[in-house]
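K.L.:
Following this line is final-v1.cif, made up of mmCIF, N, CA and C atoms:
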data_structure
#
loop_
_atom_site.group_PDB
_atom_site.id
_atom_site.type_symbol
_atom_site.label_atom_id
_atom_site.label_comp_id
_atom_site.auth_asym_id
_atom_site.auth_seq_id
_atom_site.Cartn_x
_atom_site.Cartn_y
_atom_site.Cartn_z
ATOM 1 N N MET A 215 -143.583 87.808 147.826
ATOM 2 C CA MET A 215 -143.798 86.384 147.577
ATOM 3 C C MET A 215 -144.317 86.220 146.140
ATOM 4 N N ILE A 216 -143.736 85.288 145.429
ATOM 5 C CA ILE A 216 -144.167 84.943 144.071
ATOM 6 C C ILE A 216 -144.915 83.617 144.172
ATOM 7 N N LYS A 217 -146.087 83.551 143.514
ATOM 8 C CA LYS A 217 -146.908 82.352 143.591
ATOM 9 C C LYS A 217 -147.353 81.911 142.202
ATOM 10 N N ALA A 218 -147.394 80.608 141.992
ATOM 11 C CA ALA A 218 -148.039 80.021 140.816
ATOM 12 C C ALA A 218 -149.398 79.533 141.312
ATOM 13 N N VAL A 219 -150.468 80.004 140.663
ATOM 14 C CA VAL A 219 -151.819 79.750 141.133
ATOM 15 C C VAL A 219 -152.660 79.184 139.995
ATOM 16 N N TYR A 220 -153.442 78.154 140.323
ATOM 17 C CA TYR A 220 -154.365 77.566 139.355
ATOM 18 C C TYR A 220 -155.713 77.370 140.039
ATOM 19 N N LYS A 221 -156.740 77.999 139.479
ATOM 20 C CA LYS A 221 -158.105 77.919 140.025
ATOM 21 C C LYS A 221 -158.128 78.243 141.516
ATOM 22 N N GLY A 222 -157.410 79.313 141.874
ATOM 23 C CA GLY A 222 -157.386 79.764 143.257
ATOM 24 C C GLY A 222 -156.484 78.952 144.170
ATOM 25 N N ARG A 223 -155.871 77.928 143.668
ATOM 26 C CA ARG A 223 -155.023 77.054 144.478
ATOM 27 C C ARG A 223 -153.550 77.390 144.244
ATOM 28 N N VAL A 224 -152.822 77.640 145.310
ATOM 29 C CA VAL A 224 -151.388 77.921 145.209
ATOM 30 C C VAL A 224 -150.670 76.594 144.997
ATOM 31 N N ILE A 225 -149.943 76.501 143.883
ATOM 32 C CA ILE A 225 -149.231 75.253 143.601
ATOM 33 C C ILE A 225 -147.725 75.384 143.792
ATOM 34 N N ALA A 226 -147.238 76.614 143.843
ATOM 35 C CA ALA A 226 -145.828 76.870 144.164
ATOM 36 C C ALA A 226 -145.734 78.294 144.692
ATOM 37 N N GLU A 227 -144.845 78.508 145.637
ATOM 38 C CA GLU A 227 -144.609 79.863 146.130
ATOM 39 C C GLU A 227 -143.200 79.960 146.693
ATOM 40 N N SER A 228 -142.607 81.134 146.470
ATOM 41 C CA SER A 228 -141.241 81.339 146.940
ATOM 42 C C SER A 228 -140.883 82.817 146.907
ATOM 43 N N ASN A 229 -140.011 83.209 147.811
ATOM 44 C CA ASN A 229 -139.391 84.532 147.763
ATOM 45 C C ASN A 229 -138.065 84.471 147.019
ATOM 46 N N ASP A 230 -137.720 83.279 146.550
ATOM 47 C CA ASP A 230 -136.424 83.045 145.922
ATOM 48 C C ASP A 230 -136.607 82.552 144.481
ATOM 49 N N THR A 231 -137.229 83.384 143.637
ATOM 50 C CA THR A 231 -137.332 83.019 142.229
ATOM 51 C C THR A 231 -136.254 83.755 141.443
ATOM 52 N N VAL A 232 -135.947 83.227 140.270
ATOM 53 C CA VAL A 232 -135.023 83.875 139.340
ATOM 54 C C VAL A 232 -135.852 84.223 138.109
ATOM 55 N N LYS A 233 -135.844 85.493 137.730
ATOM 56 C CA LYS A 233 -136.649 85.924 136.589
ATOM 57 C C LYS A 233 -135.765 86.013 135.349
ATOM 58 N N VAL A 234 -136.144 85.224 134.335
ATOM 59 C CA VAL A 234 -135.412 85.191 133.067
ATOM 60 C C VAL A 234 -136.431 85.286 131.945
ATOM 61 N N GLU A 235 -136.225 86.251 131.067
ATOM 62 C CA GLU A 235 -137.110 86.456 129.920
ATOM 63 C C GLU A 235 -138.577 86.544 130.333
ATOM 64 N N GLY A 236 -138.830 87.206 131.460
ATOM 65 C CA GLY A 236 -140.192 87.418 131.929
ATOM 66 C C GLY A 236 -140.809 86.253 132.691
ATOM 67 N N ASN A 237 -140.088 85.150 132.842
ATOM 68 C CA ASN A 237 -140.593 83.979 133.552
ATOM 69 C C ASN A 237 -139.897 83.826 134.902
ATOM 70 N N HIS A 238 -140.686 83.551 135.932
ATOM 71 C CA HIS A 238 -140.130 83.273 137.245
ATOM 72 C C HIS A 238 -139.773 81.788 137.317
ATOM 73 N N TYR A 239 -138.537 81.507 137.665
ATOM 74 C CA TYR A 239 -138.081 80.137 137.877
ATOM 75 C C TYR A 239 -138.056 79.903 139.385
ATOM 76 N N PHE A 240 -138.900 78.976 139.829
ATOM 77 C CA PHE A 240 -139.058 78.650 141.237
ATOM 78 C C PHE A 240 -138.081 77.547 141.642
ATOM 79 N N PRO A 241 -137.609 77.580 142.886
ATOM 80 C CA PRO A 241 -136.826 76.434 143.371
ATOM 81 C C PRO A 241 -137.693 75.177 143.292
ATOM 82 N N LEU A 242 -137.116 74.078 142.903
ATOM 83 C CA LEU A 242 -137.877 72.843 142.738
ATOM 84 C C LEU A 242 -138.614 72.453 144.021
ATOM 85 N N GLU A 243 -138.009 72.731 145.165
ATOM 86 C CA GLU A 243 -138.653 72.356 146.428
ATOM 87 C C GLU A 243 -139.879 73.215 146.757
ATOM 88 N N SER A 244 -140.155 74.246 145.969
ATOM 89 C CA SER A 244 -141.321 75.094 146.243
ATOM 90 C C SER A 244 -142.632 74.479 145.742
ATOM 91 N N ILE A 245 -142.561 73.352 145.034
ATOM 92 C CA ILE A 245 -143.761 72.688 144.544
ATOM 93 C C ILE A 245 -143.799 71.258 145.074
ATOM 94 N N ASN A 246 -144.998 70.791 145.359
ATOM 95 C CA ASN A 246 -145.194 69.407 145.764
ATOM 96 C C ASN A 246 -144.969 68.532 144.529
ATOM 97 N N ARG A 247 -143.994 67.652 144.573
ATOM 98 C CA ARG A 247 -143.672 66.817 143.410
ATOM 99 C C ARG A 247 -144.811 65.879 143.020
ATOM 100 N N ASP A 248 -145.762 65.677 143.919
ATOM 101 C CA ASP A 248 -146.932 64.868 143.573
ATOM 102 C C ASP A 248 -147.756 65.524 142.472
ATOM 103 N N PHE A 249 -147.574 66.827 142.281
ATOM 104 C CA PHE A 249 -148.289 67.550 141.224
ATOM 105 C C PHE A 249 -147.646 67.356 139.852
ATOM 106 N N LEU A 250 -146.429 66.803 139.827
ATOM 107 C CA LEU A 250 -145.659 66.729 138.588
ATOM 108 C C LEU A 250 -145.627 65.323 138.011
ATOM 109 N N GLU A 251 -145.808 65.252 136.692
ATOM 110 C CA GLU A 251 -145.682 64.001 135.949
ATOM 111 C C GLU A 251 -144.732 64.263 134.790
ATOM 112 N N LYS A 252 -143.702 63.471 134.689
ATOM 113 C CA LYS A 252 -142.695 63.649 133.638
ATOM 114 C C LYS A 252 -143.346 63.625 132.259
ATOM 115 N N SER A 253 -142.954 64.545 131.414
ATOM 116 C CA SER A 253 -143.412 64.608 130.028
ATOM 117 C C SER A 253 -142.266 64.174 129.118
ATOM 118 N N GLU A 254 -142.594 63.748 127.937
ATOM 119 C CA GLU A 254 -141.569 63.364 126.957
ATOM 120 C C GLU A 254 -141.052 64.559 126.163
ATOM 121 N N LEU A 255 -141.737 65.693 126.271
ATOM 122 C CA LEU A 255 -141.381 66.876 125.471
ATOM 123 C C LEU A 255 -140.028 67.436 125.881
ATOM 124 N N GLN A 256 -139.248 67.790 124.879
ATOM 125 C CA GLN A 256 -138.015 68.546 125.072
ATOM 126 C C GLN A 256 -137.957 69.605 123.982
ATOM 127 N N THR A 257 -137.463 70.780 124.335
ATOM 128 C CA THR A 257 -137.265 71.848 123.363
ATOM 129 C C THR A 257 -135.859 72.398 123.558
ATOM 130 N N ILE A 258 -135.413 73.189 122.606
ATOM 131 C CA ILE A 258 -134.067 73.750 122.679
ATOM 132 C C ILE A 258 -134.145 75.269 122.644
ATOM 133 N N CYS A 259 -133.488 75.884 123.593
ATOM 134 C CA CYS A 259 -133.298 77.334 123.605
ATOM 135 C C CYS A 259 -131.849 77.575 123.184
ATOM 136 N N VAL A 260 -131.654 78.501 122.259
ATOM 137 C CA VAL A 260 -130.306 78.708 121.726
ATOM 138 C C VAL A 260 -129.298 79.150 122.782
ATOM 139 N N TRP A 261 -129.756 79.782 123.855
ATOM 140 C CA TRP A 261 -128.775 80.208 124.847
ATOM 141 C C TRP A 261 -128.894 79.503 126.196
ATOM 142 N N LYS A 262 -130.053 78.913 126.506
ATOM 143 C CA LYS A 262 -130.197 78.216 127.796
ATOM 144 C C LYS A 262 -129.915 76.725 127.689
ATOM 145 N N GLY A 263 -130.177 76.132 126.530
ATOM 146 C CA GLY A 263 -129.931 74.704 126.360
ATOM 147 C C GLY A 263 -131.209 73.923 126.138
ATOM 148 N N VAL A 264 -131.204 72.659 126.515
ATOM 149 C CA VAL A 264 -132.343 71.758 126.303
ATOM 150 C C VAL A 264 -133.274 71.834 127.512
ATOM 151 N N ALA A 265 -134.542 72.141 127.233
ATOM 152 C CA ALA A 265 -135.564 72.184 128.282
ATOM 153 C C ALA A 265 -136.325 70.868 128.304
ATOM 154 N N SER A 266 -136.609 70.396 129.487
ATOM 155 C CA SER A 266 -137.471 69.237 129.694
ATOM 156 C C SER A 266 -138.750 69.729 130.359
ATOM 157 N N TYR A 267 -139.793 68.895 130.321
ATOM 158 C CA TYR A 267 -141.111 69.348 130.769
ATOM 159 C C TYR A 267 -141.765 68.368 131.716
ATOM 160 N N TYR A 268 -142.701 68.903 132.488
ATOM 161 C CA TYR A 268 -143.598 68.121 133.325
ATOM 162 C C TYR A 268 -145.033 68.471 132.939
ATOM 163 N N ASN A 269 -145.909 67.491 133.085
ATOM 164 C CA ASN A 269 -147.338 67.764 133.088
ATOM 165 C C ASN A 269 -147.687 68.122 134.520
ATOM 166 N N LEU A 270 -148.648 68.994 134.686
ATOM 167 C CA LEU A 270 -149.115 69.378 136.007
ATOM 168 C C LEU A 270 -150.409 68.620 136.278
ATOM 169 N N ILE A 271 -150.453 67.891 137.377
ATOM 170 C CA ILE A 271 -151.615 67.078 137.736
ATOM 171 C C ILE A 271 -152.233 67.650 139.010
ATOM 172 N N LEU A 272 -153.468 68.134 138.898
ATOM 173 C CA LEU A 272 -154.172 68.699 140.048
ATOM 174 C C LEU A 272 -155.582 68.145 140.098
ATOM 175 N N ASP A 273 -155.905 67.479 141.172
ATOM 176 C CA ASP A 273 -157.246 66.927 141.372
ATOM 177 C C ASP A 273 -157.711 66.127 140.164
ATOM 178 N N GLY A 274 -156.823 65.309 139.626
ATOM 179 C CA GLY A 274 -157.166 64.455 138.496
ATOM 180 C C GLY A 274 -157.130 65.146 137.144
ATOM 181 N N GLU A 275 -156.893 66.438 137.128
ATOM 182 C CA GLU A 275 -156.811 67.194 135.872
ATOM 183 C C GLU A 275 -155.355 67.259 135.426
ATOM 184 N N LYS A 276 -155.113 66.970 134.141
ATOM 185 C CA LYS A 276 -153.749 67.006 133.604
ATOM 186 C C LYS A 276 -153.588 68.229 132.705
ATOM 187 N N LEU A 277 -152.634 69.078 133.066
ATOM 188 C CA LEU A 277 -152.269 70.231 132.248
ATOM 189 C C LEU A 277 -150.945 69.879 131.585
ATOM 190 N N LYS A 278 -151.028 69.542 130.319
ATOM 191 C CA LYS A 278 -149.899 68.977 129.589
ATOM 192 C C LYS A 278 -148.792 70.003 129.354
ATOM 193 N N ASP A 279 -147.569 69.594 129.681
ATOM 194 C CA ASP A 279 -146.351 70.369 129.400
ATOM 195 C C ASP A 279 -146.412 71.799 129.952
ATOM 196 N N MET A 280 -146.984 71.978 131.124
ATOM 197 C CA MET A 280 -147.154 73.316 131.707
ATOM 198 C C MET A 280 -145.949 73.777 132.522
ATOM 199 N N VAL A 281 -145.052 72.854 132.840
ATOM 200 C CA VAL A 281 -143.910 73.169 133.695
ATOM 201 C C VAL A 281 -142.639 72.772 132.940
ATOM 202 N N TRP A 282 -141.663 73.660 132.928
ATOM 203 C CA TRP A 282 -140.406 73.304 132.263
ATOM 204 C C TRP A 282 -139.211 73.623 133.143
ATOM 205 N N TYR A 283 -138.114 72.976 132.782
ATOM 206 C CA TYR A 283 -136.870 73.171 133.527
ATOM 207 C C TYR A 283 -135.695 72.821 132.613
ATOM 208 N N TYR A 284 -134.531 73.260 133.003
ATOM 209 C CA TYR A 284 -133.296 72.977 132.270
ATOM 210 C C TYR A 284 -132.410 72.101 133.150
ATOM 211 N N PRO A 285 -132.386 70.788 132.900
ATOM 212 C CA PRO A 285 -131.594 69.900 133.762
ATOM 213 C C PRO A 285 -130.090 70.170 133.697
ATOM 214 N N ASP A 286 -129.633 70.662 132.562
ATOM 215 C CA ASP A 286 -128.212 70.945 132.394
ATOM 216 C C ASP A 286 -128.070 72.238 131.588
ATOM 217 N N PRO A 287 -128.413 73.380 132.199
ATOM 218 C CA PRO A 287 -128.401 74.635 131.445
ATOM 219 C C PRO A 287 -126.988 75.057 131.051
ATOM 220 N N SER A 288 -126.932 75.919 130.053
ATOM 221 C CA SER A 288 -125.648 76.475 129.623
ATOM 222 C C SER A 288 -125.039 77.306 130.755
ATOM 223 N N GLU A 289 -123.790 77.626 130.619
ATOM 224 C CA GLU A 289 -123.107 78.451 131.620
ATOM 225 C C GLU A 289 -123.821 79.794 131.797
ATOM 226 N N GLU A 290 -124.310 80.367 130.688
ATOM 227 C CA GLU A 290 -125.014 81.662 130.739
ATOM 228 C C GLU A 290 -126.338 81.569 131.494
ATOM 229 N N ALA A 291 -126.917 80.377 131.566
ATOM 230 C CA ALA A 291 -128.229 80.202 132.203
ATOM 231 C C ALA A 291 -128.143 79.384 133.493
ATOM 232 N N LYS A 292 -126.974 79.292 134.076
ATOM 233 C CA LYS A 292 -126.813 78.436 135.260
ATOM 234 C C LYS A 292 -127.705 78.871 136.428
ATOM 235 N N SER A 293 -128.197 80.093 136.409
ATOM 236 C CA SER A 293 -129.066 80.572 137.498
ATOM 237 C C SER A 293 -130.410 79.841 137.533
ATOM 238 N N VAL A 294 -130.792 79.148 136.443
ATOM 239 C CA VAL A 294 -132.070 78.422 136.428
ATOM 240 C C VAL A 294 -131.904 76.936 136.749
ATOM 241 N N LYS A 295 -130.709 76.501 137.029
ATOM 242 C CA LYS A 295 -130.480 75.092 137.384
ATOM 243 C C LYS A 295 -131.268 74.746 138.646
ATOM 244 N N ASP A 296 -131.907 73.578 138.641
ATOM 245 C CA ASP A 296 -132.711 73.090 139.762
ATOM 246 C C ASP A 296 -133.911 73.998 140.055
ATOM 247 N N ARG A 297 -134.434 74.611 139.000
ATOM 248 C CA ARG A 297 -135.603 75.486 139.115
ATOM 249 C C ARG A 297 -136.609 75.139 138.025
ATOM 250 N N ILE A 298 -137.870 75.473 138.292
ATOM 251 C CA ILE A 298 -138.937 75.207 137.335
ATOM 252 C C ILE A 298 -139.696 76.489 137.032
ATOM 253 N N ALA A 299 -140.278 76.536 135.848
ATOM 254 C CA ALA A 299 -141.103 77.679 135.443
ATOM 255 C C ALA A 299 -142.435 77.145 134.929
ATOM 256 N N PHE A 300 -143.423 78.027 134.908
ATOM 257 C CA PHE A 300 -144.789 77.650 134.538
ATOM 258 C C PHE A 300 -145.273 78.461 133.345
ATOM 259 N N TYR A 301 -145.943 77.794 132.411
ATOM 260 C CA TYR A 301 -146.649 78.521 131.362
ATOM 261 C C TYR A 301 -147.851 79.179 131.991
ATOM 262 N N GLN A 302 -148.070 80.429 131.656
ATOM 263 C CA GLN A 302 -149.230 81.150 132.151
ATOM 264 C C GLN A 302 -150.325 81.071 131.089
ATOM 265 N N LYS A 303 -151.069 79.978 131.136
ATOM 266 C CA LYS A 303 -152.167 79.762 130.205
ATOM 267 C C LYS A 303 -153.149 78.793 130.841
ATOM 268 N N ASP A 304 -154.286 78.618 130.226
ATOM 269 C CA ASP A 304 -155.312 77.691 130.727
ATOM 270 C C ASP A 304 -155.666 77.950 132.177
ATOM 271 N N GLY A 305 -155.609 79.209 132.604
ATOM 272 C CA GLY A 305 -155.992 79.566 133.962
ATOM 273 C C GLY A 305 -154.860 79.572 134.973
ATOM 274 N N LEU A 306 -153.672 79.126 134.592
ATOM 275 C CA LEU A 306 -152.539 79.158 135.499
ATOM 276 C C LEU A 306 -151.901 80.537 135.440
ATOM 277 N N LYS A 307 -151.659 81.127 136.595
ATOM 278 C CA LYS A 307 -151.063 82.452 136.653
ATOM 279 C C LYS A 307 -149.900 82.462 137.628
ATOM 280 N N VAL A 308 -148.917 83.292 137.343
ATOM 281 C CA VAL A 308 -147.823 83.549 138.270
ATOM 282 C C VAL A 308 -147.996 84.985 138.725
ATOM 283 N N ILE A 309 -148.142 85.162 140.048
ATOM 284 C CA ILE A 309 -148.434 86.489 140.585
ATOM 285 C C ILE A 309 -147.386 86.881 141.616
ATOM 286 N N GLU A 310 -147.187 88.189 141.710
ATOM 287 C CA GLU A 310 -146.275 88.747 142.709
ATOM 288 C C GLU A 310 -147.117 89.447 143.772
ATOM 289 N N GLU A 311 -146.923 89.057 145.009
ATOM 290 C CA GLU A 311 -147.669 89.691 146.107
ATOM 291 C C GLU A 311 -146.744 90.415 147.035
#
Spit out the file's structure as structure tokens when you get a sec.
P.N.:
Amino acid sequence: MIKAVYKGRVIAESNDTVKVEGNHYFPLESINRDFLEKSELQTICVWKGVASYYNLILDGEKLKDMVWYYPDPSEEAKSVKDRIAFYQKDGLKVIEE
């Protein structure tokens, strides 16, 4: 089981992640969407395409741009479609159990 954990709280977990460039991409349904707030940030990966971001909201705390996804990934990165990944910083960790 792969879990995204913040301050001891599991915010996403799945046995069905896709690992790309060291990051686990979780199925979108593995996280409660109430934790997500759309961000305006977008970045470009030369081979995956345009990434969009969410802020993570937990107990009134906002972790800005901590979650990213590729709404329309390139053909080479189609395995991450409909999946999200987490930055491992500010106490957020992705662990394998």
K.L.:
What does the distance between CA of Asp304 (chain A) and CA of Leu277 (chain A) come to in Å, to one decimal place?
P.N.:
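According to the coordinates, CA of Asp304 (chain A) and CA of Leu277 (chain A) are separated by 8.2 Å.
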K.L.:
Excluding region 226-240 of chain A and residues on its chain fewer than 2 positions from it, collect all residues at most 5 Å away from it, counting all atoms listed in the file, and give them as an NGL selection string.
P.N.:
:A and (215-218 or 224 or 242 or 244-245 or 297-299)
K.L.:
Going by the chain IDs and residue numbers used in this file, which residues fall under the PyMOL selection byres (((chain A and resi 279 and name CA) around 9) and name CA)? Write them as a PyMOL selection string.
P.N.:
chain A and resi 252-255+266-270+277-278+280-282+301
K.L.:
Translate the PyMOL selection byres ((chain A and resi 290-293) around 6.5) into a concrete residue list for this structure, as a CSV table (one decimal) with N, CA and C atoms, in the frame of the given file.
P.N.:
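Written out: result.csv:
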chain,number,residue,atom,x,y,z
A,232,VAL,N,-135.9,83.2,140.3
A,232,VAL,CA,-135.0,83.9,139.3
A,232,VAL,C,-135.9,84.2,138.1
A,261,TRP,N,-129.8,79.8,123.9
A,261,TRP,CA,-128.8,80.2,124.8
A,261,TRP,C,-128.9,79.5,126.2
A,262,LYS,N,-130.1,78.9,126.5
A,262,LYS,CA,-130.2,78.2,127.8
A,262,LYS,C,-129.9,76.7,127.7
A,287,PRO,N,-128.4,73.4,132.2
A,287,PRO,CA,-128.4,74.6,131.4
A,287,PRO,C,-127.0,75.1,131.1
A,288,SER,N,-126.9,75.9,130.1
A,288,SER,CA,-125.6,76.5,129.6
A,288,SER,C,-125.0,77.3,130.8
A,289,GLU,N,-123.8,77.6,130.6
A,289,GLU,CA,-123.1,78.5,131.6
A,289,GLU,C,-123.8,79.8,131.8
A,294,VAL,N,-130.8,79.1,136.4
A,294,VAL,CA,-132.1,78.4,136.4
A,294,VAL,C,-131.9,76.9,136.7
A,295,LYS,N,-130.7,76.5,137.0
A,295,LYS,CA,-130.5,75.1,137.4
A,295,LYS,C,-131.3,74.7,138.6
K.L.:
Give the strand (DSSP E or B) residues of chain A, as assigned by DSSP on the backbone, as a VMD selection string.
P.N.:
chain A and resid 216 to 220 223 to 228 232 to 234 237 to 241 245 250 to 259 263 to 272 275 to 283 297 to 300 306 to 310
K.L.:
How many Å lie between CA of Lys303 (chain A) and CA of Asp286 (chain A), rounded to one decimal?
P.N.:
25.6 Å
